[in-house]
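Encoded as structure tokens, the structure appears first; notes follow it.
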Amino acid sequence: MSDLLRMTDLNVEYPVGGGRHVHAVSDVTLAVRHGETLGLVGESGSGKSSLARALLQLPPPQRGSVLFDGNELTQMRGEALRAVRPRLQMIFQDPIASLNPRRRVAEIVAEPLIVSGVRDAAERTRRVRAVMEAVGLDPDLVWTRRPHEFSGGQCQRIAIARALVLEPKLIVCDEPVSALDVSIRAQILNLLEDMKARFGLTLLFIAHDLAVVKSVSDRVAVMYLGRLCEVADSASLFATPAHPYTAALMAAIPEPDPDVPLGDTKLRPGDPPSPLDPPSGCRFRTRCPHAEARCTAEVPPLREIAPGREVACHFPLMG
Amino acid sequence: MSDAASGSVNGGPLLSVRDARVGFSTVRGLLRAVDGVSFDLQAGRTLGIVGESGSGKSVLVRSLIGLVGTGSGAIVGGDVRLDGQDVRGLSARNFRQLLGRDIGIVFQDPMTSLNPVMKIGRQIGEGLRLNRGLDSAAAARRAVELLVEVGIPEPERRASQYPHELSGGMRQRVAIAIAIACEPKLLIADEPTTALDVTVQRQILDLLQREQRERGMAMILITHDLGVAAGRADDIMVMYAGRAVEMATTREIFRGPRMPYTEALLRSLPRLSDATHTRLSAIPGRPPDLARRGTGCSFAPRCAYRSACCEAEEPALSREGGRGFACFHPLGAGGGTSA
């Protein structure tokens, strides 16, 4: 499979005053292949949302390259970027906040068509109706209503319809189900899987819930404090995590089964460090049970330890 | 119904709640957020209350501790006894004493539950001064001991800091220190780890469980996360649309749910043991509008087992061998979900 999106040495920094910067994303190289779902996992402050925004050029990253479908997005501005954007859409965490409360649902879903220059109103109506039906909304019922009349799950359907209406190639889903209740979550996850198959989509699926990520992702990338820890196909990553952080994350998940004993995260006590002042060398070393002197001195590069398995650790748990 | 009303401390439940109700008058009519919930909690046990947003789990527990009062336009009803004492009949002053001394509370967001302009040591010591009669110096010393107990490094330095100087996990540890400072009999934890990352969540739940066991406290753990409830609760009460729809031991709930909603909820969860792209069993529809509730079972419109009677009449919580479920068509024991 070829790459639809390739990020190389991506760096995102935010100034926080006093000449200091938050290193939100540091030297990330990651590809998303045609037709796959790549899960991106990390805790708060890991840089996963910053990464998503940087690849969409919202705003552009400080350094690095974003090659999407043959276009170097970081070199593009204005009209040229606008011409690429229809192929690259996003779904956000809070479905209610991501919809304009003053607009009617039909206007919300049609807006991308207007922005991208579809002038024919009949054509727009046809496409909006088709995409509403695809995501399970009845166009006649929802057409003139406004977002506040809908539940979170229904709003997420509207947001998905808006993302799909331009027939994109890649959708970046940033925590698309974290704000939803358990009984609604499965509906939206199933819908995303259906839409992916029906429209031949590629998904970058960002989430902190490992069970959710596993259920939809072909491959998974794990981030910690702005750097990639591990990239692997879903089955191998969950069967044999190679990075100590991945192992800790998996052990920390509370399984909905009282007979599954609580795993041992083996983490050293203490909280995650601040991204304002990340540790030298390996950023996970302050909590890692296997850290040695080398981890303080050298940043472990992301390297291939088995076909399709990359890990950034001096002492991986396998290989 | 239980005989806890006799006021006997020995043998009776620590907390006894009968027919708890909370209603809010809204422009669309009376919204019944909690609709006749009864349960008992024995000393030393942990009750998990699980439910989705709007199920009434937080409002129920907040009403027990007077945080949902008539001041907020709420109509609160029911009988609440702690150690046999009628809590709802207490004067405001006695109720405050009871809260400070016998009930500890940990909320979801420690940033908003802690006082941002009071030093941490003083916040922890406040209850000790007011409820235990310690002088300032003794309260300050005890605050530092409590910081050690909840696993905060450099406790003396931390005691003189403000909440914003701590990480989210540390703030929640401070909130736990405040909650346990006066040796309460009952600890209420309302989504205590929802705002935290999964590795930090693990540490905080471990801490809560350790404190609960060592001090023999009873705990009410409110969570939307069935995984959290599975690992930490002895018993579970499942709430849906303001009512308790199933009550049983944790193992019974997860091994053989009787109420179809519980089963559907468990089946809809993505699990690490499933292969990628396994289709999830979604629950169709969504929870009902609490202000426009019909006559029947609230879950009936979404239920695979519904029949005419489910839409005509609301099933009461029936008891069978120590467990309860509100359903006309309960699932067979042991015939439920398996992981």
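Ordering of the structure tokens sets the chain letters (A, B, ...), residue numbers begin anew at 1 in every chain, and ligands are numbered from 1 in the order given.
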>> Quick check for you: according to DSSP on this backbone, which residues of range 33-246 of chain B are classed as alpha helix (DSSP H)? Reply as number ranges by chain.
In response: B: 57-64, 92-102, 110-113, 120-132, 136-149, 155-159, 168-180, 198-215, 226-232
Can you tell me which residues surround Ala218 in chain B at a distance of at most 9 Å, considering only C-alpha atoms, apart from same-chain residues fewer than 5 positions away, and format the answer as a JSON list (two decimals) with N, CA and C atoms, in the first residue's frame?
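What follows is the written file selection_13.json:
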[["chain", "number", "residue", "atom", "x", "y", "z"],
["B", 14, "LEU", "N", -25.06, 1.24, 56.80],
["B", 14, "LEU", "CA", -24.51, 2.55, 57.15],
["B", 14, "LEU", "C", -25.37, 3.65, 56.51],
["B", 15, "LEU", "N", -25.69, 3.43, 55.24],
["B", 15, "LEU", "CA", -26.51, 4.41, 54.53],
["B", 15, "LEU", "C", -27.74, 3.72, 54.00],
["B", 41, "LEU", "N", -26.36, 0.72, 51.82],
["B", 41, "LEU", "CA", -24.91, 0.54, 51.69],
["B", 41, "LEU", "C", -24.35, 0.14, 53.05],
["B", 42, "GLN", "N", -23.69, -1.01, 53.10],
["B", 42, "GLN", "CA", -23.11, -1.49, 54.35],
["B", 42, "GLN", "C", -21.75, -0.84, 54.57],
["B", 43, "ALA", "N", -21.37, -0.73, 55.83],
["B", 43, "ALA", "CA", -20.05, -0.18, 56.15],
["B", 43, "ALA", "C", -18.98, -1.02, 55.46],
["B", 44, "GLY", "N", -17.95, -0.35, 54.96],
["B", 44, "GLY", "CA", -16.80, -1.05, 54.39],
["B", 44, "GLY", "C", -16.98, -1.52, 52.97],
["B", 45, "ARG", "N", -18.17, -1.33, 52.40],
["B", 45, "ARG", "CA", -18.36, -1.81, 51.03],
["B", 45, "ARG", "C", -18.34, -0.66, 50.03],
["B", 46, "THR", "N", -18.07, -1.01, 48.78],
["B", 46, "THR", "CA", -18.07, -0.01, 47.72],
["B", 46, "THR", "C", -19.22, -0.29, 46.77],
["B", 47, "LEU", "N", -20.08, 0.73, 46.63],
["B", 47, "LEU", "CA", -21.18, 0.63, 45.69],
["B", 47, "LEU", "C", -20.83, 1.46, 44.45],
["B", 184, "PRO", "N", -14.01, 10.05, 57.69],
["B", 184, "PRO", "CA", -15.45, 9.87, 57.45],
["B", 184, "PRO", "C", -15.83, 8.39, 57.41],
["B", 185, "LYS", "N", -17.11, 8.13, 57.61],
["B", 185, "LYS", "CA", -17.61, 6.76, 57.50],
["B", 185, "LYS", "C", -17.96, 6.43, 56.06],
["B", 186, "LEU", "N", -18.29, 7.50, 55.32],
["B", 186, "LEU", "CA", -18.72, 7.30, 53.93],
["B", 186, "LEU", "C", -17.93, 8.23, 53.03],
["B", 187, "LEU", "N", -17.35, 7.65, 51.98],
["B", 187, "LEU", "CA", -16.64, 8.44, 51.00],
["B", 187, "LEU", "C", -17.42, 8.41, 49.69],
["B", 188, "ILE", "N", -17.75, 9.58, 49.18],
["B", 188, "ILE", "CA", -18.47, 9.66, 47.90],
["B", 188, "ILE", "C", -17.49, 10.15, 46.84],
["B", 212, "GLN", "N", -9.94, 3.33, 51.34],
["B", 212, "GLN", "CA", -11.24, 2.80, 51.69],
["B", 212, "GLN", "C", -11.08, 1.52, 52.53],
["B", 213, "ARG", "N", -10.17, 0.65, 52.12],
["B", 213, "ARG", "CA", -9.97, -0.62, 52.83],
["B", 213, "ARG", "C", -9.33, -0.40, 54.18]]
>> Using only C-alpha atoms and a cut-off of 6 Å, which residues of chain A sit close to chain B? Please list them as a VMD selection string.
In response: chain A and resid 43 181 183 186 to 187 211 to 212 214 to 216 252 254 to 258
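Within 9 Å of range 106-117 of chain B there are Gln123, Tyr162, Pro163, His164, Gly168, Gly169, Arg171, Gln172, Arg173, Val174, Ala175, Ile176, Ile178, Ala179, Leu187, Ile188, Ala189, Asp190, Glu191, Pro192, Thr193, Thr194, Ala195 and Leu196 of chain B, counting only C-alpha atoms and ignoring same-chain residues fewer than 5 positions away.
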N, CA and C atoms of the current selection, written as an mmCIF file, in the first residue's frame:
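The resulting file, result_6.cif, is shown below:
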data_model
loop_
_atom_site.group_PDB
_atom_site.id
_atom_site.type_symbol
_atom_site.label_atom_id
_atom_site.label_comp_id
_atom_site.auth_asym_id
_atom_site.auth_seq_id
_atom_site.Cartn_x
_atom_site.Cartn_y
_atom_site.Cartn_z
ATOM 1 N N GLN B 123 -6.217 24.142 53.307
ATOM 2 C CA GLN B 123 -7.475 23.524 52.854
ATOM 3 C C GLN B 123 -7.675 22.159 53.484
ATOM 4 N N TYR B 162 -0.353 26.597 46.084
ATOM 5 C CA TYR B 162 -1.758 26.746 45.691
ATOM 6 C C TYR B 162 -2.116 25.680 44.656
ATOM 7 N N PRO B 163 -3.415 25.370 44.515
ATOM 8 C CA PRO B 163 -3.810 24.292 43.589
ATOM 9 C C PRO B 163 -3.260 24.424 42.172
ATOM 10 N N HIS B 164 -3.163 25.663 41.654
ATOM 11 C CA HIS B 164 -2.727 25.784 40.250
ATOM 12 C C HIS B 164 -1.285 25.349 40.058
ATOM 13 N N GLY B 168 -2.958 17.782 37.480
ATOM 14 C CA GLY B 168 -4.310 17.279 37.710
ATOM 15 C C GLY B 168 -4.339 16.077 38.655
ATOM 16 N N GLY B 169 -3.405 15.167 38.477
ATOM 17 C CA GLY B 169 -3.352 13.980 39.331
ATOM 18 C C GLY B 169 -3.057 14.348 40.780
ATOM 19 N N ARG B 171 -3.637 17.264 42.209
ATOM 20 C CA ARG B 171 -4.798 17.966 42.763
ATOM 21 C C ARG B 171 -5.835 16.969 43.251
ATOM 22 N N GLN B 172 -6.027 15.898 42.479
ATOM 23 C CA GLN B 172 -7.023 14.922 42.905
ATOM 24 C C GLN B 172 -6.535 14.205 44.174
ATOM 25 N N ARG B 173 -5.230 14.021 44.316
ATOM 26 C CA ARG B 173 -4.706 13.450 45.562
ATOM 27 C C ARG B 173 -4.989 14.384 46.737
ATOM 28 N N VAL B 174 -4.835 15.689 46.504
ATOM 29 C CA VAL B 174 -5.131 16.664 47.560
ATOM 30 C C VAL B 174 -6.620 16.594 47.923
ATOM 31 N N ALA B 175 -7.478 16.496 46.898
ATOM 32 C CA ALA B 175 -8.919 16.411 47.158
ATOM 33 C C ALA B 175 -9.231 15.168 47.993
ATOM 34 N N ILE B 176 -8.514 14.077 47.739
ATOM 35 C CA ILE B 176 -8.728 12.860 48.527
ATOM 36 C C ILE B 176 -8.244 13.078 49.964
ATOM 37 N N ILE B 178 -8.277 15.838 51.591
ATOM 38 C CA ILE B 178 -9.303 16.641 52.267
ATOM 39 C C ILE B 178 -10.488 15.752 52.645
ATOM 40 N N ALA B 179 -10.873 14.882 51.706
ATOM 41 C CA ALA B 179 -12.060 14.057 51.938
ATOM 42 C C ALA B 179 -11.868 13.087 53.106
ATOM 43 N N LEU B 187 -17.353 7.648 51.983
ATOM 44 C CA LEU B 187 -16.636 8.443 50.999
ATOM 45 C C LEU B 187 -17.423 8.410 49.694
ATOM 46 N N ILE B 188 -17.750 9.580 49.180
ATOM 47 C CA ILE B 188 -18.466 9.659 47.904
ATOM 48 C C ILE B 188 -17.492 10.148 46.843
ATOM 49 N N ALA B 189 -17.309 9.360 45.788
ATOM 50 C CA ALA B 189 -16.406 9.741 44.708
ATOM 51 C C ALA B 189 -17.237 9.851 43.430
ATOM 52 N N ASP B 190 -17.408 11.092 42.957
ATOM 53 C CA ASP B 190 -18.263 11.346 41.796
ATOM 54 C C ASP B 190 -17.385 11.511 40.561
ATOM 55 N N GLU B 191 -17.278 10.472 39.748
ATOM 56 C CA GLU B 191 -16.420 10.471 38.556
ATOM 57 C C GLU B 191 -15.022 10.975 38.916
ATOM 58 N N PRO B 192 -14.371 10.355 39.907
ATOM 59 C CA PRO B 192 -13.134 10.949 40.422
ATOM 60 C C PRO B 192 -11.979 10.945 39.433
ATOM 61 N N THR B 193 -12.047 10.139 38.382
ATOM 62 C CA THR B 193 -10.897 10.049 37.487
ATOM 63 C C THR B 193 -11.249 10.376 36.041
ATOM 64 N N THR B 194 -12.444 10.889 35.812
ATOM 65 C CA THR B 194 -12.873 11.133 34.438
ATOM 66 C C THR B 194 -12.030 12.207 33.762
ATOM 67 N N ALA B 195 -11.521 13.165 34.548
ATOM 68 C CA ALA B 195 -10.737 14.246 33.949
ATOM 69 C C ALA B 195 -9.262 13.864 33.814
ATOM 70 N N LEU B 196 -8.905 12.650 34.218
ATOM 71 C CA LEU B 196 -7.482 12.293 34.276
ATOM 72 C C LEU B 196 -7.107 11.289 33.193
#
>> For the strand (DSSP E or B) assignment from backbone DSSP, which residues of range 182-308 of chain A qualify? Please present them as a list in words.
In response: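 Answer for range 182-308 of chain A, restricted to strand (DSSP E or B): Thr202, Leu203, Leu204, Phe205, Ile206, Ala207, Arg219, Val220, Ala221, Val222, Met223, Tyr224, Arg227, Leu228, Cys229, Glu230, Val231, Ala232, Asp233, Arg303, Glu304, Ile305 and Ala306 of chain A.
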Keeping only C-alpha atoms, write the selected residues to a file as a tab-separated table (two decimals), in the first residue's frame.
chain	number	residue	atom	x	y	z
A	202	THR	CA	-8.58	6.78	4.78
A	203	LEU	CA	-8.87	7.72	8.46
A	204	LEU	CA	-6.46	9.17	10.97
A	205	PHE	CA	-8.27	8.27	14.19
A	206	ILE	CA	-7.07	10.08	17.30
A	207	ALA	CA	-8.22	8.85	20.70
A	219	ARG	CA	-2.23	0.31	12.50
A	220	VAL	CA	-1.60	2.26	15.68
A	221	ALA	CA	0.90	4.99	16.56
A	222	VAL	CA	1.55	5.82	20.23
A	223	MET	CA	2.70	9.31	21.28
A	224	TYR	CA	4.12	10.53	24.56
A	227	ARG	CA	7.26	12.18	20.35
A	228	LEU	CA	6.31	8.90	18.75
A	229	CYS	CA	6.98	5.86	20.94
A	230	GLU	CA	5.82	3.07	18.75
A	231	VAL	CA	4.12	2.36	15.42
A	232	ALA	CA	2.82	-1.10	14.59
A	233	ASP	CA	-0.09	-2.98	13.13
A	303	ARG	CA	13.71	2.39	14.36
A	304	GLU	CA	12.34	-0.74	12.79
A	305	ILE	CA	12.73	-3.76	15.06
A	306	ALA	CA	10.62	-6.14	12.98
>> Using only C-alpha atoms, which protein or nucleic acid residues come within 10 Å of Arg287 in chain A? Drop anything in the same chain fewer than 6 positions from it, and give the result as a list in words.
In response: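 Counting only the stated atoms, we get Pro244, Tyr245, Ala248, Lys266, Leu267, Arg268, Pro269, Gly270, Asp271, Pro272 and Pro273 of chain A.
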So that I can see what lies close to range 85-96 of chain A, please list as a JSON list (two decimals) with N, CA and C atoms, in the first residue's frame the residues with an atom at most 10 Å from it, counting only C-alpha atoms and leaving out residues fewer than 5 positions away in the same chain.
[["chain", "number", "residue", "atom", "x", "y", "z"],
["A", 49, "SER", "N", -3.40, 16.01, 19.20],
["A", 49, "SER", "CA", -4.26, 16.99, 18.55],
["A", 49, "SER", "C", -3.45, 18.06, 17.84],
["A", 52, "ALA", "N", -2.52, 16.72, 14.54],
["A", 52, "ALA", "CA", -3.63, 16.73, 13.59],
["A", 52, "ALA", "C", -3.82, 18.11, 13.00],
["A", 53, "ARG", "N", -3.77, 19.13, 13.86],
["A", 53, "ARG", "CA", -3.97, 20.49, 13.37],
["A", 53, "ARG", "C", -2.83, 20.92, 12.46],
["A", 55, "LEU", "N", -1.00, 19.06, 10.51],
["A", 55, "LEU", "CA", -1.02, 18.46, 9.19],
["A", 55, "LEU", "C", -2.12, 19.10, 8.33],
["A", 56, "LEU", "N", -3.15, 19.62, 8.97],
["A", 56, "LEU", "CA", -4.18, 20.36, 8.23],
["A", 56, "LEU", "C", -3.77, 21.82, 8.00],
["A", 57, "GLN", "N", -2.59, 22.19, 8.47],
["A", 57, "GLN", "CA", -2.07, 23.56, 8.34],
["A", 57, "GLN", "C", -2.93, 24.55, 9.13],
["A", 68, "PHE", "N", 0.75, 15.32, 1.15],
["A", 68, "PHE", "CA", -0.57, 14.70, 1.08],
["A", 68, "PHE", "C", -0.98, 14.55, -0.37],
["A", 69, "ASP", "N", -1.15, 13.31, -0.82],
["A", 69, "ASP", "CA", -1.69, 13.06, -2.15],
["A", 69, "ASP", "C", -0.88, 13.81, -3.22],
["A", 73, "LEU", "N", 1.96, 20.30, 1.58],
["A", 73, "LEU", "CA", 1.02, 21.29, 2.13],
["A", 73, "LEU", "C", 1.72, 22.46, 2.79],
["A", 79, "GLU", "N", -5.19, 30.11, -2.12],
["A", 79, "GLU", "CA", -6.04, 29.41, -3.08],
["A", 79, "GLU", "C", -5.57, 27.98, -3.32],
["A", 80, "ALA", "N", -4.25, 27.79, -3.40],
["A", 80, "ALA", "CA", -3.72, 26.45, -3.68],
["A", 80, "ALA", "C", -4.10, 25.48, -2.57],
["A", 101, "PRO", "N", -24.28, 27.20, 15.94],
["A", 101, "PRO", "CA", -25.61, 27.06, 16.53],
["A", 101, "PRO", "C", -26.69, 27.87, 15.81],
["A", 112, "PRO", "N", -19.53, 23.47, 3.05],
["A", 112, "PRO", "CA", -18.29, 23.09, 2.33],
["A", 112, "PRO", "C", -18.47, 23.14, 0.81],
["A", 113, "LEU", "N", -19.67, 22.79, 0.33],
["A", 113, "LEU", "CA", -19.91, 22.82, -1.11],
["A", 113, "LEU", "C", -19.85, 24.25, -1.64],
["A", 115, "VAL", "N", -18.24, 26.79, -0.21],
["A", 115, "VAL", "CA", -16.86, 27.27, -0.12],
["A", 115, "VAL", "C", -16.02, 26.73, -1.27],
["A", 116, "SER", "N", -16.27, 25.48, -1.66],
["A", 116, "SER", "CA", -15.45, 24.90, -2.71],
["A", 116, "SER", "C", -16.02, 25.19, -4.11],
["A", 147, "PRO", "N", -28.64, 22.90, 15.47],
["A", 147, "PRO", "CA", -27.90, 21.91, 16.26],
["A", 147, "PRO", "C", -28.44, 21.68, 17.68],
["A", 148, "HIS", "N", -28.94, 22.75, 18.35],
["A", 148, "HIS", "CA", -29.35, 22.55, 19.75],
["A", 148, "HIS", "C", -30.54, 21.61, 19.87],
["A", 150, "PHE", "N", -30.63, 18.73, 18.69],
["A", 150, "PHE", "CA", -30.14, 17.35, 18.55],
["A", 150, "PHE", "C", -29.27, 16.95, 19.73],
["A", 151, "SER", "N", -29.21, 15.63, 19.97],
["A", 151, "SER", "CA", -28.32, 15.09, 20.99],
["A", 151, "SER", "C", -26.88, 15.10, 20.45],
["A", 152, "GLY", "N", -25.94, 14.79, 21.34],
["A", 152, "GLY", "CA", -24.54, 14.75, 20.94],
["A", 152, "GLY", "C", -24.28, 13.77, 19.82],
["A", 153, "GLY", "N", -24.90, 12.60, 19.90],
["A", 153, "GLY", "CA", -24.70, 11.59, 18.87],
["A", 153, "GLY", "C", -25.21, 12.04, 17.52],
["A", 154, "GLN", "N", -26.38, 12.69, 17.51],
["A", 154, "GLN", "CA", -26.95, 13.19, 16.25],
["A", 154, "GLN", "C", -26.08, 14.32, 15.69],
["A", 155, "CYS", "N", -25.57, 15.19, 16.60],
["A", 155, "CYS", "CA", -24.68, 16.26, 16.14],
["A", 155, "CYS", "C", -23.42, 15.68, 15.51],
["A", 156, "GLN", "N", -22.92, 14.57, 16.07],
["A", 156, "GLN", "CA", -21.73, 13.98, 15.48],
["A", 156, "GLN", "C", -22.06, 13.42, 14.09],
["A", 157, "ARG", "N", -23.28, 12.92, 13.91],
["A", 157, "ARG", "CA", -23.68, 12.49, 12.56],
["A", 157, "ARG", "C", -23.69, 13.67, 11.59],
["A", 158, "ILE", "N", -24.18, 14.82, 12.06],
["A", 158, "ILE", "CA", -24.20, 16.01, 11.21],
["A", 158, "ILE", "C", -22.76, 16.41, 10.84],
["A", 159, "ALA", "N", -21.87, 16.36, 11.84],
["A", 159, "ALA", "CA", -20.47, 16.71, 11.59],
["A", 159, "ALA", "C", -19.83, 15.73, 10.60],
["A", 160, "ILE", "N", -20.20, 14.46, 10.70],
["A", 160, "ILE", "CA", -19.66, 13.48, 9.76],
["A", 160, "ILE", "C", -20.22, 13.74, 8.36],
["A", 161, "ALA", "N", -21.50, 14.09, 8.27],
["A", 161, "ALA", "CA", -22.09, 14.42, 6.97],
["A", 161, "ALA", "C", -21.36, 15.61, 6.35],
["A", 162, "ARG", "N", -21.08, 16.61, 7.16],
["A", 162, "ARG", "CA", -20.38, 17.80, 6.66],
["A", 162, "ARG", "C", -18.98, 17.44, 6.15],
["A", 163, "ALA", "N", -18.32, 16.52, 6.89],
["A", 163, "ALA", "CA", -16.97, 16.12, 6.46],
["A", 163, "ALA", "C", -17.01, 15.30, 5.18],
["A", 164, "LEU", "N", -18.11, 14.55, 4.98],
["A", 164, "LEU", "CA", -18.19, 13.63, 3.83],
["A", 164, "LEU", "C", -18.67, 14.30, 2.56],
["A", 165, "VAL", "N", -19.33, 15.45, 2.67],
["A", 165, "VAL", "CA", -20.08, 15.98, 1.53],
["A", 165, "VAL", "C", -19.17, 16.33, 0.35],
["A", 166, "LEU", "N", -17.88, 16.63, 0.63],
["A", 166, "LEU", "CA", -16.96, 16.94, -0.46],
["A", 166, "LEU", "C", -16.23, 15.70, -0.97],
["A", 167, "GLU", "N", -16.64, 14.55, -0.51],
["A", 167, "GLU", "CA", -16.01, 13.28, -0.89],
["A", 167, "GLU", "C", -14.50, 13.32, -0.68],
["A", 168, "PRO", "N", -14.08, 13.48, 0.57],
["A", 168, "PRO", "CA", -12.65, 13.59, 0.87],
["A", 168, "PRO", "C", -11.95, 12.24, 0.72],
["A", 169, "LYS", "N", -10.61, 12.30, 0.70],
["A", 169, "LYS", "CA", -9.83, 11.06, 0.71],
["A", 169, "LYS", "C", -9.45, 10.70, 2.14],
["A", 170, "LEU", "N", -9.12, 11.74, 2.92],
["A", 170, "LEU", "CA", -8.66, 11.50, 4.28],
["A", 170, "LEU", "C", -9.54, 12.29, 5.25],
["A", 171, "ILE", "N", -9.98, 11.62, 6.31],
["A", 171, "ILE", "CA", -10.66, 12.34, 7.38],
["A", 171, "ILE", "C", -9.84, 12.17, 8.65],
["A", 172, "VAL", "N", -9.52, 13.30, 9.27],
["A", 172, "VAL", "CA", -8.85, 13.28, 10.56],
["A", 172, "VAL", "C", -9.95, 13.33, 11.62],
["A", 173, "CYS", "N", -10.03, 12.27, 12.43],
["A", 173, "CYS", "CA", -11.06, 12.21, 13.46],
["A", 173, "CYS", "C", -10.38, 12.44, 14.80],
["A", 174, "ASP", "N", -10.61, 13.61, 15.41],
["A", 174, "ASP", "CA", -9.94, 13.93, 16.68],
["A", 174, "ASP", "C", -10.88, 13.62, 17.85],
["A", 175, "GLU", "N", -10.66, 12.50, 18.50],
["A", 175, "GLU", "CA", -11.49, 12.05, 19.62],
["A", 175, "GLU", "C", -12.99, 12.11, 19.27],
["A", 176, "PRO", "N", -13.39, 11.47, 18.19],
["A", 176, "PRO", "CA", -14.77, 11.67, 17.72],
["A", 176, "PRO", "C", -15.85, 11.07, 18.62],
["A", 177, "VAL", "N", -15.49, 10.15, 19.51],
["A", 177, "VAL", "CA", -16.53, 9.56, 20.35],
["A", 177, "VAL", "C", -16.31, 9.79, 21.84],
["A", 178, "SER", "N", -15.27, 10.54, 22.21],
["A", 178, "SER", "CA", -15.00, 10.67, 23.66],
["A", 178, "SER", "C", -16.07, 11.44, 24.39],
["A", 179, "ALA", "N", -16.78, 12.34, 23.70],
["A", 179, "ALA", "CA", -17.79, 13.12, 24.40],
["A", 179, "ALA", "C", -19.15, 12.41, 24.39],
["A", 180, "LEU", "N", -19.20, 11.23, 23.81],
["A", 180, "LEU", "CA", -20.50, 10.56, 23.66],
["A", 180, "LEU", "C", -20.69, 9.48, 24.72],
["A", 202, "THR", "N", -9.71, 7.05, 3.92],
["A", 202, "THR", "CA", -8.58, 6.78, 4.78],
["A", 202, "THR", "C", -8.82, 7.60, 6.04],
["A", 203, "LEU", "N", -8.59, 7.00, 7.21],
["A", 203, "LEU", "CA", -8.87, 7.72, 8.46],
["A", 203, "LEU", "C", -7.61, 7.83, 9.32],
["A", 204, "LEU", "N", -7.41, 9.02, 9.87],
["A", 204, "LEU", "CA", -6.46, 9.17, 10.97],
["A", 204, "LEU", "C", -7.33, 9.34, 12.21],
["A", 205, "PHE", "N", -7.32, 8.34, 13.09],
["A", 205, "PHE", "CA", -8.27, 8.27, 14.19],
["A", 205, "PHE", "C", -7.53, 8.51, 15.50],
["A", 206, "ILE", "N", -7.78, 9.68, 16.09],
["A", 206, "ILE", "CA", -7.07, 10.08, 17.30],
["A", 206, "ILE", "C", -7.95, 9.81, 18.50],
["A", 207, "ALA", "N", -7.42, 9.12, 19.51],
["A", 207, "ALA", "CA", -8.22, 8.85, 20.70],
["A", 207, "ALA", "C", -7.30, 8.49, 21.85]]
> What is the distance, in Å and to one decimal place, between CA of Thr8 in chain A and CA of Asp27 in chain A?
Replying inline: 7.4 Å
> Quick one: residues within 8 Å of Met318 in chain A, only C-alpha atoms counted, chain neighbours fewer than 6 positions away excluded, as a ChimeraX atom specification?
Replying inline: /A:240-242
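Among A:Arg82, A:Arg146, A:His314, A:His21, the residue with the shortest atom-to-atom distance to Ala293 in chain A, counting only C-alpha atoms, is A:His314.
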